[in-house]
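Q: Input coords-v1.cif, format and content: mmCIF, C-alpha atoms and all ligand atoms.
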data_final
#
loop_
_atom_site.label_atom_id
_atom_site.label_comp_id
_atom_site.auth_asym_id
_atom_site.auth_seq_id
_atom_site.Cartn_x
_atom_site.Cartn_y
_atom_site.Cartn_z
CA MET J 1 13.54 -34.76 -14.73
CA GLU J 2 16.08 -33.38 -12.26
CA ASN J 3 14.30 -30.08 -11.92
CA VAL J 4 10.99 -31.60 -10.81
CA LEU J 5 10.06 -30.75 -7.23
CA LEU J 6 6.51 -32.06 -6.98
CA LYS J 7 4.85 -34.73 -9.05
CA ILE J 8 1.07 -34.59 -8.93
CA GLN J 9 -0.17 -38.00 -9.98
CA ASN J 10 -3.72 -38.96 -10.95
CA LEU J 11 -5.35 -36.82 -8.26
CA LYS J 12 -9.06 -37.22 -7.84
CA LYS J 13 -11.25 -35.44 -5.36
CA TYR J 14 -14.90 -36.34 -5.00
CA TYR J 15 -17.22 -34.59 -2.57
CA THR J 16 -20.44 -36.16 -1.42
CA VAL J 17 -23.32 -33.71 -1.19
CA GLY J 18 -26.38 -35.56 0.07
CA LYS J 19 -26.83 -38.38 -2.42
CA ARG J 20 -24.86 -36.57 -5.11
CA THR J 21 -21.15 -36.95 -5.90
CA VAL J 22 -19.34 -33.81 -7.03
CA LYS J 23 -16.22 -34.64 -9.03
CA ALA J 24 -14.06 -31.61 -8.21
CA LEU J 25 -10.82 -33.13 -9.57
CA GLU J 26 -10.71 -35.88 -12.18
CA ASP J 27 -7.31 -37.43 -12.72
CA VAL J 28 -5.05 -34.39 -12.43
CA THR J 29 -1.43 -35.14 -13.34
CA PHE J 30 1.39 -32.63 -13.84
CA ASP J 31 4.84 -31.72 -12.49
CA ILE J 32 5.90 -28.61 -10.61
CA TYR J 33 9.49 -27.49 -11.16
CA LYS J 34 11.87 -26.15 -8.54
CA GLY J 35 11.83 -22.36 -8.31
CA GLU J 36 9.05 -21.71 -10.80
CA VAL J 37 5.94 -19.59 -10.43
CA ILE J 38 3.12 -21.83 -11.62
CA SER J 39 -0.43 -20.50 -11.81
CA LEU J 40 -3.71 -22.36 -11.57
CA LEU J 41 -6.28 -20.93 -13.90
CA GLY J 42 -9.87 -21.84 -14.64
CA VAL J 43 -13.44 -20.63 -14.46
CA ASN J 44 -15.36 -20.74 -11.17
CA GLY J 45 -15.71 -24.33 -10.05
CA ALA J 46 -12.84 -25.63 -12.21
CA GLY J 47 -11.10 -27.15 -9.18
CA LYS J 48 -8.36 -24.60 -8.37
CA THR J 49 -9.14 -24.20 -4.67
CA THR J 50 -9.63 -27.93 -4.27
CA LEU J 51 -6.22 -28.60 -5.81
CA SER J 52 -4.41 -25.94 -3.79
CA SER J 53 -6.02 -27.07 -0.55
CA ILE J 54 -4.89 -30.65 -1.24
CA LEU J 55 -1.37 -29.34 -1.91
CA VAL J 56 -1.47 -27.49 1.41
CA THR J 57 -2.66 -30.76 3.01
CA LEU J 58 -5.83 -29.16 4.37
CA HIS J 59 -7.63 -32.28 3.20
CA PRO J 60 -6.62 -35.46 1.41
CA ALA J 61 -7.38 -36.42 -2.17
CA THR J 62 -9.88 -39.21 -2.82
CA SER J 63 -7.14 -41.02 -4.73
CA GLY J 64 -3.83 -40.30 -6.42
CA ASP J 65 -0.57 -39.11 -4.94
CA ILE J 66 1.81 -36.16 -4.67
CA LEU J 67 5.52 -36.95 -4.74
CA LEU J 68 8.16 -34.65 -3.30
CA ASN J 69 11.57 -35.49 -4.65
CA GLY J 70 10.18 -38.89 -5.60
CA GLU J 71 8.58 -39.75 -2.21
CA SER J 72 4.87 -39.56 -1.37
CA ILE J 73 4.13 -36.52 0.82
CA TYR J 74 1.63 -38.70 2.68
CA LYS J 75 4.46 -40.81 4.14
CA ASP J 76 5.15 -37.93 6.51
CA VAL J 77 2.70 -35.08 6.11
CA ASN J 78 4.20 -33.14 9.04
CA GLU J 79 7.62 -33.05 7.34
CA PHE J 80 5.99 -31.83 4.14
CA ARG J 81 4.12 -29.11 6.06
CA LYS J 82 7.46 -27.71 7.25
CA ILE J 83 8.42 -26.77 3.72
CA ILE J 84 5.16 -25.23 2.57
CA GLY J 85 3.73 -21.81 3.24
CA TYR J 86 0.10 -20.99 2.60
CA CYS J 87 -1.48 -17.61 2.13
CA PRO J 88 -5.26 -18.13 2.10
CA GLN J 89 -7.70 -15.90 0.30
CA LYS J 90 -9.72 -15.19 3.45
CA PRO J 91 -7.75 -13.47 6.24
CA ASN J 92 -7.58 -15.92 9.13
CA VAL J 93 -5.31 -14.01 11.50
CA ILE J 94 -5.77 -14.15 15.27
CA ARG J 95 -7.77 -11.04 16.09
CA ASP J 96 -6.62 -10.64 19.70
CA LEU J 97 -2.91 -10.78 18.86
CA THR J 98 -0.88 -7.91 17.44
CA VAL J 99 0.79 -8.11 14.04
CA GLU J 100 4.06 -9.08 15.71
CA GLN J 101 2.37 -11.66 17.94
CA ASN J 102 0.57 -13.22 14.95
CA LEU J 103 3.90 -13.72 13.21
CA THR J 104 5.58 -14.97 16.39
CA PHE J 105 2.80 -17.46 16.99
CA ALA J 106 3.16 -18.82 13.44
CA GLY J 107 6.95 -19.16 13.95
CA MET J 108 6.56 -21.02 17.25
CA TYR J 109 4.29 -23.52 15.50
CA TYR J 110 7.22 -24.59 13.34
CA GLY J 111 9.39 -25.28 16.37
CA PHE J 112 12.06 -22.61 15.78
CA SER J 113 13.95 -21.24 18.79
CA LYS J 114 12.79 -17.95 20.34
CA GLN J 115 15.80 -16.18 18.89
CA GLU J 116 15.21 -17.55 15.38
CA VAL J 117 11.55 -16.58 15.55
CA LYS J 118 12.39 -13.04 16.67
CA GLN J 119 14.94 -12.62 13.90
CA ARG J 120 12.50 -13.86 11.27
CA VAL J 121 9.68 -11.65 12.61
CA ASP J 122 11.98 -8.60 12.47
CA GLU J 123 13.06 -9.41 8.91
CA LEU J 124 9.54 -9.97 7.62
CA ILE J 125 8.05 -6.92 9.37
CA LYS J 126 10.69 -4.81 7.66
CA LYS J 127 10.41 -6.49 4.28
CA TYR J 128 6.63 -6.27 4.19
CA ASP J 129 6.53 -2.69 5.42
CA LEU J 130 4.61 -3.53 8.58
CA CYS J 131 6.78 -1.55 11.05
CA LYS J 132 4.17 1.02 11.95
CA TYR J 133 1.55 -1.66 12.64
CA ARG J 134 3.87 -3.97 14.56
CA HIS J 135 2.15 -3.53 17.92
CA MET J 136 -1.36 -3.06 16.60
CA LYS J 137 -4.11 -5.62 16.19
CA PRO J 138 -4.93 -6.72 12.65
CA TYR J 139 -8.35 -5.00 12.48
CA VAL J 140 -6.60 -1.67 11.87
CA LEU J 141 -4.95 -2.97 8.70
CA SER J 142 -6.22 -1.95 5.28
CA GLY J 143 -6.76 -4.73 2.71
CA GLY J 144 -3.27 -4.28 1.28
CA TYR J 145 -1.53 -4.41 4.65
CA MET J 146 -3.63 -7.37 5.74
CA ARG J 147 -2.47 -9.18 2.58
CA ARG J 148 1.13 -8.30 3.44
CA LEU J 149 0.65 -9.71 6.93
CA LEU J 150 -0.80 -12.92 5.49
CA ILE J 151 2.11 -13.30 3.06
CA ALA J 152 4.64 -12.51 5.79
CA ARG J 153 3.01 -15.07 8.07
CA SER J 154 3.13 -17.71 5.33
CA LEU J 155 6.88 -17.10 5.09
CA MET J 156 7.61 -17.60 8.80
CA SER J 157 8.55 -21.22 8.14
CA ASN J 158 11.00 -20.14 5.44
CA PRO J 159 9.12 -22.38 3.00
CA LYS J 160 10.48 -23.91 -0.18
CA ILE J 161 6.96 -23.94 -1.65
CA LEU J 162 4.53 -21.08 -1.25
CA ILE J 163 0.86 -21.39 -2.16
CA LEU J 164 -0.85 -18.06 -2.72
CA ASP J 165 -4.62 -18.07 -3.13
CA GLU J 166 -5.77 -14.83 -4.78
CA PRO J 167 -3.03 -12.73 -3.12
CA THR J 168 -4.15 -9.41 -4.59
CA VAL J 169 -7.91 -9.72 -4.71
CA GLY J 170 -9.63 -6.39 -4.14
CA LEU J 171 -6.43 -4.35 -3.87
CA ASP J 172 -5.47 -1.07 -5.56
CA SER J 173 -3.21 -1.30 -8.61
CA ASN J 174 -0.20 0.16 -6.79
CA VAL J 175 -0.51 -2.31 -3.89
CA ARG J 176 -0.97 -5.15 -6.37
CA ARG J 177 2.24 -4.11 -8.11
CA LYS J 178 4.11 -4.11 -4.78
CA ILE J 179 2.89 -7.62 -4.06
CA TRP J 180 4.00 -8.66 -7.57
CA GLU J 181 7.48 -7.40 -6.69
CA ASN J 182 7.39 -9.44 -3.47
CA ILE J 183 6.44 -12.56 -5.44
CA LYS J 184 9.27 -11.94 -7.94
CA ASP J 185 11.72 -11.52 -5.03
CA LEU J 186 10.61 -14.85 -3.58
CA LYS J 187 11.14 -16.55 -6.92
CA ASN J 188 14.62 -15.01 -7.09
CA LEU J 189 15.32 -16.53 -3.69
CA GLY J 190 14.45 -19.95 -5.13
CA VAL J 191 10.97 -20.33 -3.62
CA THR J 192 8.52 -22.32 -5.77
CA VAL J 193 5.27 -20.37 -5.95
CA ILE J 194 1.87 -21.87 -6.74
CA LEU J 195 -0.47 -19.02 -7.52
CA THR J 196 -4.23 -18.89 -7.90
CA SER J 197 -5.61 -15.66 -9.27
CA HIS J 198 -8.52 -14.36 -11.30
CA TYR J 199 -6.37 -11.49 -12.58
CA LEU J 200 -5.00 -12.57 -15.95
CA ASP J 201 -2.59 -9.61 -16.14
CA GLU J 202 -1.06 -10.81 -12.89
CA ILE J 203 -0.78 -14.38 -14.11
CA GLU J 204 0.77 -13.20 -17.40
CA VAL J 205 3.42 -11.09 -15.64
CA LEU J 206 4.32 -13.47 -12.85
CA SER J 207 3.99 -17.01 -14.15
CA ASP J 208 6.61 -19.23 -15.69
CA ARG J 209 3.82 -21.66 -16.54
CA VAL J 210 0.07 -21.73 -16.42
CA VAL J 211 -2.10 -24.77 -15.71
CA LEU J 212 -5.58 -24.41 -17.10
CA LEU J 213 -8.09 -26.51 -15.20
CA HIS J 214 -11.44 -27.28 -16.70
CA LYS J 215 -14.08 -29.37 -14.95
CA GLY J 216 -11.44 -30.88 -12.69
CA ARG J 217 -9.02 -31.83 -15.45
CA VAL J 218 -5.85 -30.24 -16.79
CA LYS J 219 -6.89 -28.80 -20.12
CA LEU J 220 -3.51 -27.39 -21.01
CA ILE J 221 -0.24 -26.39 -19.43
CA ASP J 222 2.31 -24.03 -20.97
CA THR J 223 4.16 -20.73 -20.59
CA PRO J 224 2.13 -17.52 -21.03
CA LYS J 225 4.39 -16.65 -23.97
CA ASN J 226 3.72 -19.91 -25.81
CA LEU J 227 -0.01 -19.66 -25.16
CA MET J 228 -0.18 -16.12 -26.53
CA ARG J 229 1.85 -17.15 -29.58
CA ASP J 230 -0.23 -20.28 -30.26
CA PHE J 231 -3.52 -18.42 -29.90
CA LYS J 232 -2.18 -15.34 -31.72
CA LYS J 233 -3.14 -13.02 -28.88
CA SER J 234 -1.17 -10.24 -27.25
CA ARG J 235 -2.72 -10.74 -23.81
CA LEU J 236 -3.18 -13.91 -21.78
CA GLU J 237 -6.66 -12.70 -20.87
CA ASP J 238 -7.70 -12.96 -24.54
CA VAL J 239 -6.35 -16.53 -24.71
CA PHE J 240 -8.40 -17.40 -21.65
CA VAL J 241 -11.56 -15.80 -23.04
CA GLN J 242 -11.16 -17.73 -26.31
CA LEU J 243 -10.66 -21.01 -24.47
CA ILE J 244 -13.72 -20.43 -22.34
CA GLU J 245 -15.80 -19.54 -25.39
CA GLU J 246 -14.62 -22.71 -27.13
CA GLU J 247 -15.70 -24.79 -24.12
CA ALA J 248 -19.09 -23.07 -23.99
P1 LIG J 301 -13.62 -20.57 -7.80
O1 LIG J 301 -12.87 -19.90 -8.91
O2 LIG J 301 -15.10 -20.25 -7.85
O3 LIG J 301 -13.02 -20.39 -6.45
P2 LIG J 301 -12.45 -23.22 -8.08
O4 LIG J 301 -11.84 -23.42 -9.42
O5 LIG J 301 -11.54 -22.90 -6.97
O6 LIG J 301 -13.63 -22.17 -8.15
P3 LIG J 301 -13.37 -25.38 -6.41
O7 LIG J 301 -13.76 -24.47 -5.28
O8 LIG J 301 -12.18 -26.22 -6.24
O9 LIG J 301 -13.25 -24.57 -7.77
O10 LIG J 301 -14.65 -26.31 -6.71
C1 LIG J 301 -14.63 -27.38 -7.64
C2 LIG J 301 -15.97 -28.10 -7.56
O11 LIG J 301 -16.09 -28.77 -6.31
C3 LIG J 301 -17.19 -27.19 -7.67
O12 LIG J 301 -18.19 -27.88 -8.36
C4 LIG J 301 -17.59 -26.97 -6.21
O13 LIG J 301 -18.96 -26.70 -6.11
C5 LIG J 301 -17.23 -28.31 -5.59
N1 LIG J 301 -16.84 -28.20 -4.18
C6 LIG J 301 -15.81 -27.51 -3.68
N2 LIG J 301 -15.72 -27.65 -2.34
C7 LIG J 301 -16.76 -28.47 -1.99
C8 LIG J 301 -17.20 -29.03 -0.76
N3 LIG J 301 -16.58 -28.79 0.40
N4 LIG J 301 -18.30 -29.82 -0.79
C9 LIG J 301 -18.92 -30.08 -1.95
N5 LIG J 301 -18.55 -29.61 -3.15
C10 LIG J 301 -17.48 -28.82 -3.18
#
Please express the file's structure as structure tokens.
Ligand code: ATP
A:
Amino acid sequence: MENVLLKIQNLKKYYTVGKRTVKALEDVTFDIYKGEVISLLGVNGAGKTTLSSILVTLHPATSGDILLNGESIYKDVNEFRKIIGYCPQKPNVIRDLTVEQNLTFAGMYYGFSKQEVKQRVDELIKKYDLCKYRHMKPYVLSGGYMRRLLIARSLMSNPKILILDEPTVGLDSNVRRKIWENIKDLKNLGVTVILTSHYLDEIEVLSDRVVLLHKGRVKLIDTPKNLMRDFKKSRLEDVFVQLIEEEA
């Protein structure tokens, strides 16, 4: 299909813990379309973090492949890294650098010129409302502003694909809503967003499609609207609860 950006093919990820093998992903296959917001959903231990960290190339799969425009990303992982942005759940900013320096450092990593980096830092500081913290170190930031810094940093490379791991965890409703608006803006700019969240309201509002992982497999994949219609529920959260109860 013309619209397919990433093809995830037969991904398996096995961890060895002592003498035990933990099968975190078991033959995961699905496509990600250009410009969609696609959410990974599943109970604790379903394999969401494992899948997103493989997509970010933090570690390789045990077997299987990921194709970008038909070519394996593993042919040139560094090229693939240039088009992905990653916003991790745990803040991993550099504590001794200011907000501006953290963003600048991330930009330099991608090999942009000084001028390009400065322009991008200025744009993102403005867009993510970080002006008053520009010259401060990250420890002064509240949870919401820290999240904004992490998202801004993940956008320094001007990525085509953005992977957001729990972008609003622990934030007030109003800050969550602002971050939702940011995610919608990114989608409107054509960025493909892969979202992991435990907030079903967030997934319902933001996602074009939802991938439900269960014990390392894709249990179903569909739009929130179709899922709510098929399960005769008015909220995605109720669909999820029913599915989990069925599995139990
Ligand atoms: P959560 O919602 O709790 O974050 P998740 O859906 O993201 O869960 P994963 O963290 O991907 O799930 O874990 C999938 C399985 O792999 C679990 O059984 C987990 O214990 C196991 N696992 C994850 N990382 C490791 C690791 N580094 N070593 C061993 N086992 C691991």
Q: Please report as a Markdown table every residue of chain J lying within 6 Å of ligand LIG 301 (chain J), along with the nearest atom pair and their distance in Å (one decimal), using only C-alpha atoms and all ligand atoms.
A:
| residue | atom | partner | partner_atom | distance |
| --- | --- | --- | --- | --- |
| J:Tyr15 | CA | J:LIG301 | C9 | 4.9 |
| J:Val17 | CA | J:LIG301 | C9 | 5.8 |
| J:Val22 | CA | J:LIG301 | N5 | 5.8 |
| J:Ala24 | CA | J:LIG301 | O11 | 4.0 |
| J:Gly42 | CA | J:LIG301 | O4 | 5.8 |
| J:Val43 | CA | J:LIG301 | O1 | 5.6 |
| J:Asn44 | CA | J:LIG301 | O2 | 3.4 |
| J:Gly45 | CA | J:LIG301 | O9 | 3.4 |
| J:Ala46 | CA | J:LIG301 | O4 | 3.7 |
| J:Gly47 | CA | J:LIG301 | O8 | 3.3 |
| J:Lys48 | CA | J:LIG301 | O4 | 3.8 |
| J:Thr49 | CA | J:LIG301 | O5 | 3.6 |
| J:Thr50 | CA | J:LIG301 | O8 | 3.6 |
Q: Output C-alpha atoms of each residue in that selection to a file, as an mmCIF file, keeping the file's coordinate frame.
A:
data_model
loop_
_atom_site.group_PDB
_atom_site.id
_atom_site.type_symbol
_atom_site.label_atom_id
_atom_site.label_comp_id
_atom_site.auth_asym_id
_atom_site.auth_seq_id
_atom_site.Cartn_x
_atom_site.Cartn_y
_atom_site.Cartn_z
ATOM 1 C CA TYR J 15 -17.220 -34.590 -2.570
ATOM 2 C CA VAL J 17 -23.320 -33.710 -1.190
ATOM 3 C CA VAL J 22 -19.340 -33.810 -7.030
ATOM 4 C CA ALA J 24 -14.060 -31.610 -8.210
ATOM 5 C CA GLY J 42 -9.870 -21.840 -14.640
ATOM 6 C CA VAL J 43 -13.440 -20.630 -14.460
ATOM 7 C CA ASN J 44 -15.360 -20.740 -11.170
ATOM 8 C CA GLY J 45 -15.710 -24.330 -10.050
ATOM 9 C CA ALA J 46 -12.840 -25.630 -12.210
ATOM 10 C CA GLY J 47 -11.100 -27.150 -9.180
ATOM 11 C CA LYS J 48 -8.360 -24.600 -8.370
ATOM 12 C CA THR J 49 -9.140 -24.200 -4.670
ATOM 13 C CA THR J 50 -9.630 -27.930 -4.270
#
Q: So, counting only C-alpha atoms, which residue among J:Ser173, J:Gln9, J:Asn158, J:Ser207 is closest to Leu189 of chain J?
A: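 For Leu189 of chain J, the nearest of the candidates is J:Asn158.
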Q: To one decimal in Å, tell me the separation between atom CA of Leu124 of chain J and atom CA of Leu206 of chain J.
A: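 These atoms are spaced 21.4 Å apart.
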Q: In Å, with one decimal, what is the gap from atom CA of Thr62 of chain J to atom CA of Lys90 of chain J?
A: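 Computing it gives 24.8 Å between the two atoms.
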Q: What does the distance between atom CA of Leu213 of chain J and atom CA of Asp201 of chain J come to in Å, to one decimal place?
A: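 Those two atoms sit 17.8 Å apart.
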Q: Tell me which protein, DNA and RNA residues are within 8 Å of Pro88 of chain J, counting all atoms listed in the file, leaving out same-chain ones fewer than 4 positions away, and put them as a list in words.
A: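 Here the answer would be Asn92, Leu150, Leu164, Asp165, Glu166 and Pro167 of chain J.
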Q: Taking 5 positions as the minimum chain separation for residues in the same chain, which residues sit within 9 Å of Gln242 of chain J when counting only C-alpha atoms? Answer as a ChimeraX atom specification.
A: /J:231,237,247
Q: Create the file for the chosen residues now, containing C-alpha atoms and written as a PDB file, in the frame of the given file.
A:
ATOM      1  CA  PHE J 231      -3.520 -18.420 -29.900  1.00  0.00           C
ATOM      2  CA  GLU J 237      -6.660 -12.700 -20.870  1.00  0.00           C
ATOM      3  CA  GLU J 247     -15.700 -24.790 -24.120  1.00  0.00           C
TER       4      GLU J 247
END
Q: Applying 10 Å and only C-alpha atoms, which residues near Ile125 of chain J remain after dropping the ones on its own chain fewer than 6 positions away? List them as a VMD selection string.
A: chain J and resid 99 to 100 103 131 to 134 148 to 149 152 to 153
Q: Point out the residue among J:Glu245, J:Ile73, J:Glu79, J:Lys137 with the least atom-to-atom distance to Leu97 of chain J, counting only C-alpha atoms.
A: J:Lys137
Q: Which polymer residues have any atom within 9 Å of an atom of Ile54 of chain J, counting all atoms listed in the file, with same-chain residues fewer than 6 positions away left out, as a list in words?
A: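 Selected residues are Lys13, Pro60 and Ala61 of chain J.
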Q: For a quick check of understanding, using only C-alpha atoms, which of J:Glu246, J:Asp185, J:Asp31, J:Glu26 has the smallest distance to Val211 of chain J?
A: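 For Val211 of chain J, the nearest of the candidates is J:Asp31.
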Q: Neighbouring residues of Val191 of chain J were defined as those with any atom within 9 Å, considering all atoms listed in the file; residues of the same chain fewer than 4 positions away were excluded. Please report them as a PyMOL selection string.
A: chain J and resi 34-37+159-162+185-187
Q: For each of J:His135, J:Gly170, J:Leu41, J:Ile8, take the minimum atom-to-atom distance to Leu243 of chain J, counting all atoms listed in the file, then give the residue where this is smallest.
A: J:Leu41
Q: Determine the nearest neighbour of Ser197 of chain J from the options J:Arg176, J:Lys225, J:Arg20, J:Lys215, counting only C-alpha atoms.
A: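 Of all the options, J:Arg176 lies closest to Ser197 of chain J.
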